[in-house]
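Chemist: Here you go, this is target_3.txt (compact mmCIF, C-alpha atoms).
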```txt
# COMPACT_ATOMS: atom_id res chain seq x y z
CA MET A 1 32.83 -9.42 2.58
CA THR A 2 35.58 -10.62 0.27
CA PRO A 3 35.34 -10.42 -3.54
CA LYS A 4 34.68 -14.19 -3.40
CA GLY A 5 31.79 -13.49 -1.04
CA GLU A 6 30.55 -10.91 -3.53
CA ARG A 7 30.30 -13.68 -6.14
CA TRP A 8 27.87 -15.52 -3.87
CA VAL A 9 25.95 -12.31 -3.33
CA ARG A 10 25.53 -11.94 -7.09
CA LEU A 11 24.31 -15.51 -7.34
CA VAL A 12 21.75 -15.01 -4.58
CA GLY A 13 20.70 -11.68 -6.12
CA GLY A 14 20.23 -13.37 -9.50
CA ILE A 15 18.13 -16.14 -7.94
CA ALA A 16 16.04 -13.54 -6.09
CA ALA A 17 15.42 -11.63 -9.34
CA ALA A 18 14.37 -14.86 -11.07
CA LEU A 19 12.03 -15.69 -8.16
CA ALA A 20 10.60 -12.17 -8.40
CA PHE A 21 9.73 -12.66 -12.08
CA ALA A 22 8.11 -16.00 -11.23
CA ALA A 23 6.08 -14.39 -8.40
CA ILE A 24 4.95 -11.58 -10.71
CA ALA A 25 3.92 -14.04 -13.42
CA ARG A 26 2.02 -16.21 -10.92
CA GLY A 27 0.46 -13.14 -9.29
CA LEU A 28 -0.76 -11.83 -12.64
CA SER A 29 -2.45 -15.13 -13.41
CA ARG A 30 -4.01 -15.65 -9.96
CA SER A 31 -7.61 -14.75 -9.08
CA HIS A 32 -9.56 -14.45 -5.83
CA THR A 33 -13.17 -14.85 -4.81
CA VAL A 34 -14.79 -11.85 -3.16
CA TYR A 35 -18.41 -11.48 -2.08
CA ASP A 36 -20.72 -8.54 -2.54
CA LYS A 37 -20.95 -6.76 0.82
CA GLY A 38 -24.54 -5.62 0.32
CA ALA A 39 -25.72 -9.14 -0.49
CA ALA A 40 -23.65 -10.61 2.35
CA GLU A 41 -25.47 -8.35 4.84
CA PHE A 42 -28.73 -10.06 3.83
CA GLY A 43 -27.12 -13.48 4.23
CA LEU A 44 -26.75 -14.02 0.48
CA ASP A 45 -23.61 -15.32 -1.18
CA ASP A 46 -22.80 -13.40 -4.35
CA PRO A 47 -19.31 -14.54 -5.31
CA ILE A 48 -17.28 -12.49 -7.78
CA ARG A 49 -13.93 -13.62 -9.22
CA ILE A 50 -11.37 -10.83 -9.42
CA THR A 51 -7.74 -10.90 -10.51
CA GLU A 52 -4.90 -10.19 -8.09
CA LYS A 53 -4.23 -7.05 -10.09
CA GLN A 54 -7.76 -5.86 -9.26
CA LEU A 55 -7.35 -6.91 -5.63
CA ASN A 56 -4.12 -4.85 -5.46
CA ALA A 57 -6.00 -1.79 -6.75
CA ASP A 58 -8.90 -2.49 -4.36
CA ALA A 59 -6.44 -2.66 -1.47
CA THR A 60 -5.50 0.97 -2.12
CA PHE A 61 -8.99 2.28 -1.24
CA SER A 62 -10.52 -0.56 0.82
CA GLY A 63 -12.55 -1.67 -2.21
CA VAL A 64 -12.36 -5.08 -0.61
CA GLU A 65 -12.73 -5.57 3.14
CA SER A 66 -12.23 -8.66 5.21
CA SER A 67 -15.00 -10.05 7.36
CA ARG A 68 -13.72 -11.14 10.76
CA LYS A 69 -16.85 -13.25 11.31
CA THR A 70 -16.84 -15.30 8.13
CA GLY A 71 -13.24 -14.87 7.00
CA LYS A 72 -14.48 -13.88 3.55
CA MET A 73 -13.36 -10.91 1.47
CA LEU A 74 -16.22 -8.51 0.79
CA SER A 75 -16.42 -6.18 -2.19
CA THR A 76 -17.56 -2.75 -1.01
CA TYR A 77 -18.50 -1.06 -4.27
CA ASP A 78 -20.46 -1.60 -7.45
CA ARG A 79 -18.06 -3.14 -9.94
CA SER A 80 -20.33 -2.48 -12.90
CA GLN A 81 -19.71 1.28 -12.55
CA PRO A 82 -16.56 3.00 -13.89
CA PRO A 83 -13.98 3.10 -11.06
CA GLY A 84 -13.03 6.79 -10.87
CA LYS A 85 -10.77 8.03 -8.07
CA ARG A 86 -11.28 6.71 -4.59
CA ALA A 87 -9.47 7.43 -1.34
CA CYS A 88 -8.64 4.91 1.34
CA PRO A 89 -10.62 5.38 4.58
CA THR A 90 -7.52 4.62 6.64
CA MET B 1 27.64 8.98 17.55
CA ASN B 2 27.93 10.65 14.22
CA ALA B 3 26.07 13.76 13.19
CA ALA B 4 25.25 12.59 9.70
CA GLY B 5 24.97 15.00 6.84
CA SER B 6 27.25 17.64 8.29
CA ARG B 7 28.09 20.46 5.93
CA SER B 8 31.12 20.00 3.75
CA LYS B 9 32.64 22.24 1.10
CA ARG B 10 33.34 19.25 -1.14
CA PRO B 11 31.17 18.70 -4.25
CA ARG B 12 27.90 16.83 -3.73
CA ASN B 13 26.25 14.15 -5.80
CA ARG B 14 24.91 16.48 -8.51
CA TRP B 15 22.37 14.14 -10.10
CA ARG B 16 20.50 12.90 -7.05
CA PRO B 17 18.59 16.11 -6.13
CA TRP B 18 17.36 16.39 -9.72
CA VAL B 19 16.27 12.75 -9.89
CA GLN B 20 14.53 13.19 -6.53
CA ALA B 21 12.70 16.33 -7.67
CA VAL B 22 11.60 14.69 -10.95
CA SER B 23 10.43 11.60 -9.02
CA LEU B 24 8.48 13.70 -6.55
CA VAL B 25 6.54 15.31 -9.39
CA GLY B 26 6.48 12.21 -11.61
CA LEU B 27 4.90 9.97 -8.98
CA ASN B 28 2.14 12.51 -8.36
CA LEU B 29 1.05 13.52 -11.83
CA SER B 30 -2.43 12.04 -11.94
CA ALA B 31 -4.35 15.30 -12.30
CA GLY B 32 -6.16 17.34 -14.95
CA SER B 33 -5.72 15.86 -18.40
CA LEU B 34 -3.42 13.20 -16.91
CA ALA B 35 -6.03 12.06 -14.36
CA HIS B 36 -6.33 8.67 -16.09
CA TRP B 37 -2.61 8.04 -15.44
CA GLN B 38 -3.11 5.61 -12.61
CA ALA B 39 -1.66 2.16 -12.09
CA LYS B 40 -2.59 1.60 -8.46
CA TRP B 41 -2.12 -2.15 -8.80
CA MET B 42 1.60 -1.48 -9.18
CA CYS B 43 3.86 -0.19 -6.46
CA LEU B 44 7.35 1.13 -5.99
CA PRO B 45 9.17 0.70 -2.66
CA VAL B 46 8.69 4.36 -1.72
CA MET B 47 6.59 6.34 0.75
CA ASN B 48 3.95 7.96 -1.44
CA CYS B 49 0.38 7.60 -0.20
CA HIS B 50 -1.97 6.02 -2.73
CA SER B 51 -4.91 7.86 -1.17
CA CYS B 52 -3.49 11.08 -2.57
CA THR B 53 -5.60 12.04 -5.55
CA LEU B 54 -2.44 12.79 -7.56
CA ALA B 55 -0.66 9.49 -6.87
CA ILE B 56 -0.04 7.19 -9.81
CA PHE B 57 1.10 4.03 -8.00
CA GLY B 58 0.02 2.21 -4.87
CA CYS B 59 1.91 2.30 -1.58
CA PRO B 60 3.37 -1.11 -0.65
CA ILE B 61 2.72 -0.57 3.06
CA GLY B 62 -0.95 0.28 2.59
CA MET B 63 -1.35 -2.72 0.30
CA ILE B 64 0.46 -5.14 2.63
CA SER B 65 -1.66 -3.95 5.59
CA HIS B 66 -4.79 -4.71 3.57
CA TYR B 67 -3.50 -8.10 2.46
CA ALA B 68 -2.64 -8.90 6.08
CA GLY B 69 -6.25 -8.09 6.94
CA TYR B 70 -7.49 -10.29 4.08
CA ARG B 71 -5.11 -13.04 5.28
CA VAL B 72 -3.95 -13.59 1.71
CA PHE B 73 -0.31 -13.65 0.61
CA PRO B 74 0.28 -10.78 -1.87
CA LEU B 75 2.21 -12.65 -4.53
CA LEU B 76 2.19 -9.94 -7.19
CA LEU B 77 3.16 -7.27 -4.67
CA ALA B 78 5.91 -9.48 -3.19
CA GLY B 79 7.24 -10.11 -6.70
CA MET B 80 7.45 -6.39 -7.47
CA LEU B 81 9.24 -5.61 -4.19
CA LEU B 82 11.56 -8.59 -4.54
CA LEU B 83 12.48 -7.54 -8.08
CA ALA B 84 13.26 -3.97 -7.02
CA GLY B 85 15.23 -5.23 -4.01
CA ALA B 86 17.21 -7.84 -5.92
CA LEU B 87 18.19 -5.36 -8.62
CA VAL B 88 18.97 -2.17 -6.70
CA GLY B 89 18.41 -2.81 -2.98
CA ARG B 90 17.27 0.37 -1.24
CA MET B 91 18.19 2.68 -4.11
CA PHE B 92 14.56 3.86 -4.37
CA CYS B 93 14.91 5.25 -0.82
CA GLY B 94 17.84 7.43 -1.82
CA TRP B 95 16.81 8.50 -5.30
CA VAL B 96 13.04 8.20 -5.75
CA CYS B 97 11.17 8.29 -2.42
CA PRO B 98 9.28 11.62 -2.17
CA PHE B 99 9.33 11.53 1.62
CA GLY B 100 13.08 10.91 1.59
CA THR B 101 13.43 13.94 -0.69
CA LEU B 102 11.41 16.06 1.72
CA GLN B 103 13.64 14.92 4.59
CA ASP B 104 16.78 15.80 2.60
CA TRP B 105 15.38 19.28 1.96
CA LEU B 106 14.45 19.76 5.61
CA HIS B 107 17.91 18.69 6.73
CA ARG B 108 19.45 21.43 4.59
CA ILE B 109 17.89 24.07 6.83
CA PRO B 110 20.84 25.50 8.76
CA SER B 111 20.77 24.32 12.36
CA ARG B 112 22.73 22.21 14.80
CA LYS B 113 22.85 18.57 13.59
CA PHE B 114 22.59 15.45 15.72
CA GLY B 115 23.23 11.75 15.32
CA LEU B 116 21.21 8.80 16.48
CA PRO B 117 22.05 5.96 18.85
CA ARG B 118 22.42 2.59 17.13
CA TRP B 119 19.42 0.99 18.83
CA ALA B 120 17.08 3.56 17.24
CA GLY B 121 17.50 1.77 13.92
CA TRP B 122 15.76 -1.32 15.29
CA ILE B 123 12.47 0.51 15.92
CA LYS B 124 11.48 0.38 12.25
CA TYR B 125 11.54 -3.42 12.26
CA ALA B 126 9.11 -3.47 15.19
CA VAL B 127 6.93 -0.94 13.33
CA LEU B 128 6.95 -3.16 10.23
CA VAL B 129 6.15 -6.40 12.05
CA LEU B 130 3.51 -5.02 14.40
CA MET B 131 1.77 -2.18 12.55
CA VAL B 132 1.96 -3.59 9.03
CA PHE B 133 1.68 -7.37 9.54
CA VAL B 134 0.47 -8.38 13.02
CA PHE B 135 -2.16 -5.78 14.02
CA PRO B 136 -3.97 -5.72 10.63
CA PHE B 137 -3.80 -9.53 10.56
CA LEU B 138 -5.39 -9.79 14.02
CA TRP B 139 -7.87 -6.92 13.94
CA GLY B 140 -8.50 -6.29 10.26
CA GLU B 141 -7.01 -3.86 7.76
CA LEU B 142 -9.09 -0.91 8.98
CA THR B 143 -7.74 -1.11 12.53
CA GLN B 144 -6.65 2.10 14.22
CA ALA B 145 -3.36 0.34 15.02
CA SER B 146 -2.38 0.01 11.35
CA PHE B 147 0.60 2.08 10.17
CA CYS B 148 -1.50 4.01 7.63
CA ARG B 149 -3.48 5.61 10.45
CA TRP B 150 -0.34 7.37 11.72
CA CYS B 151 1.75 7.67 8.56
CA PRO B 152 3.35 11.15 8.17
CA PRO B 153 3.36 11.08 4.31
CA THR B 154 -0.40 10.39 4.45
CA THR B 155 -0.79 13.41 6.69
CA ILE B 156 0.79 15.80 4.19
CA GLN B 157 -0.67 14.15 1.08
CA VAL B 158 -4.20 13.41 2.27
CA THR B 159 -5.17 14.57 5.78
CA ILE B 160 -4.04 18.21 5.54
CA PRO B 161 -5.19 18.77 1.90
CA ASN B 162 -8.59 17.27 2.79
CA LEU B 163 -8.88 19.64 5.75
CA LEU B 164 -7.84 22.67 3.68
CA THR B 165 -10.21 21.89 0.81
CA GLY B 166 -13.14 21.12 3.09
CA VAL B 167 -13.40 17.42 2.17
CA THR B 168 -12.96 16.67 5.86
CA LYS B 169 -15.25 18.89 7.90
CA ALA B 170 -14.03 18.40 11.47
CA VAL B 171 -10.71 17.63 13.12
CA THR B 172 -10.98 14.46 15.18
CA SER B 173 -8.61 13.69 18.04
CA ALA B 174 -6.99 10.89 15.97
CA MET B 175 -6.42 13.37 13.15
CA ALA B 176 -4.91 15.92 15.54
CA ILE B 177 -2.50 13.28 16.90
CA LYS B 178 -1.58 12.27 13.34
CA ILE B 179 -0.80 15.87 12.39
CA ALA B 180 1.20 16.33 15.60
CA ILE B 181 3.27 13.20 14.81
CA ALA B 182 3.96 14.44 11.28
CA LEU B 183 5.00 17.88 12.58
CA ALA B 184 7.30 16.29 15.18
CA VAL B 185 8.92 14.15 12.46
CA PHE B 186 9.42 17.17 10.16
CA ILE B 187 11.01 19.25 12.90
CA ALA B 188 13.24 16.37 13.99
CA CYS B 189 14.35 15.87 10.36
CA ILE B 190 15.88 19.35 10.41
CA TRP B 191 18.25 18.17 13.17
CA VAL B 192 18.71 14.51 12.27
CA SER B 193 19.39 13.42 8.70
CA ARG B 194 16.74 11.03 7.33
CA LEU B 195 15.26 10.46 10.77
CA PHE B 196 12.06 8.85 9.50
CA CYS B 197 13.94 6.49 7.12
CA ARG B 198 16.34 5.38 9.84
CA VAL B 199 13.91 5.01 12.74
CA PHE B 200 10.32 4.50 11.58
CA CYS B 201 10.08 3.66 7.88
CA PRO B 202 8.54 0.20 7.40
CA ILE B 203 9.47 0.18 3.69
CA GLY B 204 13.09 0.77 4.69
CA ALA B 205 12.83 -2.13 7.12
CA LEU B 206 11.25 -4.33 4.45
CA MET B 207 13.88 -3.51 1.83
CA ALA B 208 16.86 -3.50 4.21
CA VAL B 209 17.69 -7.18 3.72
CA PHE B 210 17.96 -6.69 -0.05
CA ASN B 211 20.95 -4.39 0.38
CA HIS B 212 22.92 -7.51 1.27
CA ILE B 213 22.02 -9.39 -1.92
CA SER B 214 21.31 -6.68 -4.50
CA LEU B 215 23.06 -6.83 -7.86
CA TRP B 216 23.70 -3.07 -7.70
CA ARG B 217 26.97 -2.11 -6.05
CA VAL B 218 28.32 1.15 -4.67
CA GLY B 219 32.07 1.02 -5.21
CA PRO B 220 34.46 -0.53 -4.44
CA LEU B 221 36.84 2.38 -5.06
CA LYS B 222 39.15 2.42 -8.06
CA THR B 223 41.81 4.09 -5.95
CA ARG B 224 43.31 2.98 -2.65
CA CYS B 225 41.38 4.28 0.35
CA THR B 226 43.43 6.72 2.42
CA GLY B 227 41.10 6.58 5.42
CA CYS B 228 40.20 10.28 5.28
CA GLU B 229 36.63 9.33 6.29
CA LEU B 230 35.17 12.11 4.14
CA CYS B 231 32.59 9.58 3.00
CA ARG B 232 31.35 9.24 6.58
CA ASP B 233 30.33 12.90 6.62
CA LYS B 234 28.68 12.57 3.23
CA CYS B 235 26.49 9.61 4.20
CA PRO B 236 22.89 10.75 4.87
CA THR B 237 22.12 7.68 7.01
CA ALA B 238 25.47 7.57 8.86
CA VAL B 239 26.21 3.93 8.05
CA ALA B 240 30.01 4.37 8.02
CA PRO B 241 30.70 3.45 4.36
CA PHE B 242 34.40 3.98 5.13
CA ASP B 243 34.69 0.58 6.87
CA ARG B 244 33.45 -1.30 3.83
CA LEU B 245 35.10 0.86 1.15
CA ALA B 246 38.47 0.50 2.89
CA ALA B 247 38.00 -3.29 2.91
CA GLY B 248 37.16 -3.35 -0.82
CA VAL B 249 33.51 -4.23 -0.15
CA PRO B 250 30.64 -2.36 -1.84
CA ALA B 251 29.46 0.41 0.48
CA ASN B 252 25.78 -0.54 0.05
CA ARG B 253 26.18 -3.82 1.91
CA HIS B 254 24.51 -2.33 4.98
CA ALA B 255 20.83 -2.52 5.95
CA ASP B 256 20.43 1.24 6.40
CA CYS B 257 22.29 2.37 3.26
CA VAL B 258 19.98 4.22 0.85
CA VAL B 259 22.37 3.64 -2.10
CA CYS B 260 22.69 7.38 -2.77
CA HIS B 261 26.34 7.08 -3.96
CA ASP B 262 27.24 10.25 -2.03
CA CYS B 263 30.11 8.38 -0.35
CA THR B 264 31.93 7.32 -3.52
CA LEU B 265 31.07 10.49 -5.43
CA GLY B 266 32.26 12.58 -2.51
CA CYS B 267 35.50 10.59 -2.10
CA SER B 268 38.51 12.90 -2.29
CA ARG B 269 40.73 10.24 -3.91
CA GLU B 270 38.11 9.32 -6.52
CA GLN B 271 37.62 12.98 -7.45
CA LYS B 272 41.37 13.49 -7.74
CA ARG B 273 41.60 10.38 -9.92
CA ALA B 274 38.73 11.58 -12.13
CA ARG B 275 40.44 14.98 -12.54
CA THR B 276 43.76 13.28 -13.41
CA VAL B 277 42.13 10.99 -15.98
CA ARG B 278 40.30 13.98 -17.51
CA THR B 279 43.53 16.01 -17.71
CA GLU B 280 45.41 13.09 -19.30
CA ASP B 281 42.59 12.67 -21.83
CA GLN B 282 42.75 16.39 -22.67
CA HIS B 283 46.56 16.11 -23.10
CA GLU B 284 46.21 13.14 -25.42
CA GLY B 285 43.47 14.95 -27.36
CA ALA B 286 45.65 18.04 -27.77
CA GLU B 287 48.67 15.96 -28.89
CA ALA B 288 46.52 14.10 -31.42
CA ALA B 289 45.21 17.40 -32.80
CA THR B 290 48.76 18.75 -33.09
CA ARG B 291 49.89 15.59 -34.95
CA THR B 292 46.93 15.87 -37.35
CA MET B 293 47.72 19.50 -38.07
CA ALA B 294 51.42 18.70 -38.63
CA GLN B 295 50.50 15.99 -41.16
```
As structure tokens, how would this structure be written, given the file I've shared?

Modeler:
Amino acid sequence: MTPKGERWVRLVGGIAAALAFAAIARGLSRSHTVYDKGAAEFGLDDPIRITEKQLNADATFSGVESSRKTGKMLSTYDRSQPPGKRACPT
Amino acid sequence: MNAAGSRSKRPRNRWRPWVQAVSLVGLNLSAGSLAHWQAKWMCLPVMNCHSCTLAIFGCPIGMISHYAGYRVFPLLLAGMLLLAGALVGRMFCGWVCPFGTLQDWLHRIPSRKFGLPRWAGWIKYAVLVLMVFVFPFLWGELTQASFCRWCPPTTIQVTIPNLLTGVTKAVTSAMAIKIAIALAVFIACIWVSRLFCRVFCPIGALMAVFNHISLWRVGPLKTRCTGCELCRDKCPTAVAPFDRLAAGVPANRHADCVVCHDCTLGCSREQKRARTVRTEDQHEGAEAATRTMAQ
């Protein structure tokens, strides 16, 4: 890569960094609907809105699971309790 | 084939081992009075299992596998990885990753060293696509085919400690295979520098593209390259930085470079230049002092 090519690299890198900030900002403001797993087992819909930040944390210990049958995301724990430390079953 | 990381009497990159050691401890400090130090919603592009009770941040691979299972695009996670990649490329692999540090330590054990064939580097992309994206997407995030189920860092941070402390009561066959894989990787890392990073690491595969666009640059050299190829021996991932440095291109413009700076810091010409500049500075300093005293 020539020094001229490096200039393009810097431009692309700068655009990527700007896109990253935009993605972070959008991600922080986004929320998702999850359903209580216990209620879902009895055929009840108990939707809960959680932020993407919470969904990220839930993804680290399977606090939210996906249902292959319904395609919904199911919350696996009681969100009214303090979180504490949890390990991922995988 | 190049036996990367061969021993050399030349000075090493002095800062990197210290940064690696501090990172290893710093990323796993969530214990005792610091137990509340957890930001699992954040992640760094490093192999550090978030299931470890000491871990502060989340692991991007574990998170992506889960998001693939949820069939939701992880915007926040993608933003964090894109930011790290755009700024420094794979520098986290070389300076921060605890598993990379462990591999560097293992490779220092005196033994015969081997290189890797070029095609081996492509395996990690298949691992990333299949075990992190495709299988969890098709069969759910808890599938046995997900990368987390076989991940060697998870084995040393979670599986083995849980067995030793009695949290896990019995050894299942899957667990035994997982431990065997981790042991095989550790032993192989003694012979091959950064074997896991170069062949299996899905984070490395994910971040590889960013080395080509990152704002961080390794080199180019301030002195003219003499073609001594000392940098080739210094490189832990054997990505031949010599070719790029000689052409005046930053050495980190390669998918497998871990941006450790060992090539430029180990360069004989650069060291000679640094010594010359230091000596000239000392001369000027001494002359200035003499002039001041004379006045």

Chemist: Report, in Å to a single decimal, how far apart atom CA of Ile179 of chain B and atom CA of Cys97 of chain B are.

Modeler: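 Those two atoms sit 20.5 Å apart.
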
Chemist: Taking the point (-2.4, -9.6, -9.6) as given in the file, collect each protein or nucleic acid residue that comes within 7 Å of it, counting only C-alpha atoms, and present the set as a short mmCIF file (atom, residue, chain, number, x, y, z; two decimals) with C-alpha atoms, in the coordinates of the input.

Modeler:
```cif
data_model
loop_
_atom_site.label_atom_id
_atom_site.label_comp_id
_atom_site.auth_asym_id
_atom_site.auth_seq_id
_atom_site.Cartn_x
_atom_site.Cartn_y
_atom_site.Cartn_z
CA GLY A 27 0.46 -13.14 -9.29
CA LEU A 28 -0.76 -11.83 -12.64
CA SER A 29 -2.45 -15.13 -13.41
CA ARG A 30 -4.01 -15.65 -9.96
CA THR A 51 -7.74 -10.90 -10.51
CA GLU A 52 -4.90 -10.19 -8.09
CA LYS A 53 -4.23 -7.05 -10.09
CA GLN A 54 -7.76 -5.86 -9.26
CA LEU A 55 -7.35 -6.91 -5.63
CA ASN A 56 -4.12 -4.85 -5.46
CA LEU B 76 2.19 -9.94 -7.19
#
```

Chemist: Kindly provide, as number ranges by chain, the residues of chain A having any atom no farther than 10 Å from an atom of chain B, counting all atoms listed in the file.

Modeler: A: 1-3, 5-6, 8-30, 32, 52-62, 64-68, 71-74, 84-90

Chemist: Centre and edge lengths of an axis-aligned box around all listed atoms of segment 15-24 of chain A, with 6 Å added on each side, are to be given in Å to one decimal, as JSON.

Modeler:
```
{"center_x": 11.5, "center_y": -13.9, "center_z": -9.1, "size_x": 25.2, "size_y": 16.6, "size_z": 18.0}
```

Chemist: What does the distance between atom CA of Asp36 of chain A and atom CA of Gly63 of chain A come to in Å, to one decimal place?

Modeler: 10.7 Å

Chemist: Would you kindly return, as a list of chain:residue names, each protein, DNA or RNA residue with an atom no farther than 10 Å from any atom of Gly94 of chain B, considering only C-alpha atoms and excluding same-chain residues fewer than 4 positions away?

Modeler: B:Arg16, B:Pro17, B:Val19, B:Gln20, B:Val46, B:Arg90, B:Pro98, B:Gly100, B:Thr101, B:Asp104, B:Arg194, B:Cys197, B:Pro236, B:Thr237, B:Cys257, B:Val258, B:Val259, B:Cys260, B:His261, B:Asp262

Chemist: Mind giving me the straight-line distance from atom CA of Leu245 of chain B to atom CA of Arg232 of chain B in Å, one decimal?

Modeler: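 Atom CA of Arg232 of chain B lies 10.7 Å from atom CA of Leu245 of chain B.
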
Chemist: Can you complete the atoms of segment 46-64 of chain A to N, CA and C atoms and list them as a PDB file, keeping the file's coordinate frame?

Modeler:
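So the final result, stored in part36.pdb, reads:
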```pdb
ATOM      1  N   ASP A  46     -22.872 -13.843  -2.956  1.00  0.00           N
ATOM      2  CA  ASP A  46     -22.800 -13.400  -4.350  1.00  0.00           C
ATOM      3  C   ASP A  46     -21.325 -13.342  -4.735  1.00  0.00           C
ATOM      4  N   PRO A  47     -20.758 -14.522  -5.063  1.00  0.00           N
ATOM      5  CA  PRO A  47     -19.310 -14.540  -5.310  1.00  0.00           C
ATOM      6  C   PRO A  47     -18.924 -13.862  -6.633  1.00  0.00           C
ATOM      7  N   ILE A  48     -17.821 -13.148  -6.581  1.00  0.00           N
ATOM      8  CA  ILE A  48     -17.280 -12.490  -7.780  1.00  0.00           C
ATOM      9  C   ILE A  48     -15.814 -12.909  -7.864  1.00  0.00           C
ATOM     10  N   ARG A  49     -15.351 -13.298  -9.041  1.00  0.00           N
ATOM     11  CA  ARG A  49     -13.930 -13.620  -9.220  1.00  0.00           C
ATOM     12  C   ARG A  49     -13.206 -12.359  -9.683  1.00  0.00           C
ATOM     13  N   ILE A  50     -12.175 -11.979  -8.990  1.00  0.00           N
ATOM     14  CA  ILE A  50     -11.370 -10.830  -9.420  1.00  0.00           C
ATOM     15  C   ILE A  50      -9.898 -11.243  -9.496  1.00  0.00           C
ATOM     16  N   THR A  51      -9.167 -10.581 -10.361  1.00  0.00           N
ATOM     17  CA  THR A  51      -7.740 -10.900 -10.510  1.00  0.00           C
ATOM     18  C   THR A  51      -6.969 -10.291  -9.342  1.00  0.00           C
ATOM     19  N   GLU A  52      -5.734 -10.766  -9.164  1.00  0.00           N
ATOM     20  CA  GLU A  52      -4.900 -10.190  -8.090  1.00  0.00           C
ATOM     21  C   GLU A  52      -4.555  -8.732  -8.389  1.00  0.00           C
ATOM     22  N   LYS A  53      -4.479  -8.434  -9.684  1.00  0.00           N
ATOM     23  CA  LYS A  53      -4.230  -7.050 -10.090  1.00  0.00           C
ATOM     24  C   LYS A  53      -5.350  -6.144  -9.584  1.00  0.00           C
ATOM     25  N   GLN A  54      -6.597  -6.621  -9.743  1.00  0.00           N
ATOM     26  CA  GLN A  54      -7.760  -5.860  -9.260  1.00  0.00           C
ATOM     27  C   GLN A  54      -7.749  -5.780  -7.729  1.00  0.00           C
ATOM     28  N   LEU A  55      -7.371  -6.893  -7.098  1.00  0.00           N
ATOM     29  CA  LEU A  55      -7.350  -6.910  -5.630  1.00  0.00           C
ATOM     30  C   LEU A  55      -6.290  -5.924  -5.101  1.00  0.00           C
ATOM     31  N   ASN A  56      -5.162  -5.837  -5.822  1.00  0.00           N
ATOM     32  CA  ASN A  56      -4.120  -4.850  -5.460  1.00  0.00           C
ATOM     33  C   ASN A  56      -4.710  -3.436  -5.503  1.00  0.00           C
ATOM     34  N   ALA A  57      -5.405  -3.129  -6.603  1.00  0.00           N
ATOM     35  CA  ALA A  57      -6.000  -1.790  -6.750  1.00  0.00           C
ATOM     36  C   ALA A  57      -7.062  -1.574  -5.671  1.00  0.00           C
ATOM     37  N   ASP A  58      -7.855  -2.603  -5.398  1.00  0.00           N
ATOM     38  CA  ASP A  58      -8.900  -2.490  -4.360  1.00  0.00           C
ATOM     39  C   ASP A  58      -8.278  -2.259  -2.981  1.00  0.00           C
ATOM     40  N   ALA A  59      -7.107  -2.818  -2.768  1.00  0.00           N
ATOM     41  CA  ALA A  59      -6.440  -2.660  -1.470  1.00  0.00           C
ATOM     42  C   ALA A  59      -5.997  -1.211  -1.234  1.00  0.00           C
ATOM     43  N   THR A  60      -5.943  -0.416  -2.295  1.00  0.00           N
ATOM     44  CA  THR A  60      -5.500   0.970  -2.120  1.00  0.00           C
ATOM     45  C   THR A  60      -6.635   1.896  -1.656  1.00  0.00           C
ATOM     46  N   PHE A  61      -7.887   1.420  -1.720  1.00  0.00           N
ATOM     47  CA  PHE A  61      -8.990   2.280  -1.240  1.00  0.00           C
ATOM     48  C   PHE A  61     -10.028   1.470  -0.464  1.00  0.00           C
ATOM     49  N   SER A  62      -9.607   0.328   0.080  1.00  0.00           N
ATOM     50  CA  SER A  62     -10.520  -0.560   0.820  1.00  0.00           C
ATOM     51  C   SER A  62     -11.729  -0.953  -0.030  1.00  0.00           C
ATOM     52  N   GLY A  63     -11.495  -1.182  -1.307  1.00  0.00           N
ATOM     53  CA  GLY A  63     -12.550  -1.670  -2.210  1.00  0.00           C
ATOM     54  C   GLY A  63     -12.948  -3.083  -1.856  1.00  0.00           C
ATOM     55  N   VAL A  64     -12.061  -3.761  -1.156  1.00  0.00           N
ATOM     56  CA  VAL A  64     -12.360  -5.080  -0.610  1.00  0.00           C
ATOM     57  C   VAL A  64     -12.025  -5.036   0.880  1.00  0.00           C
TER      58      VAL A  64
END
```
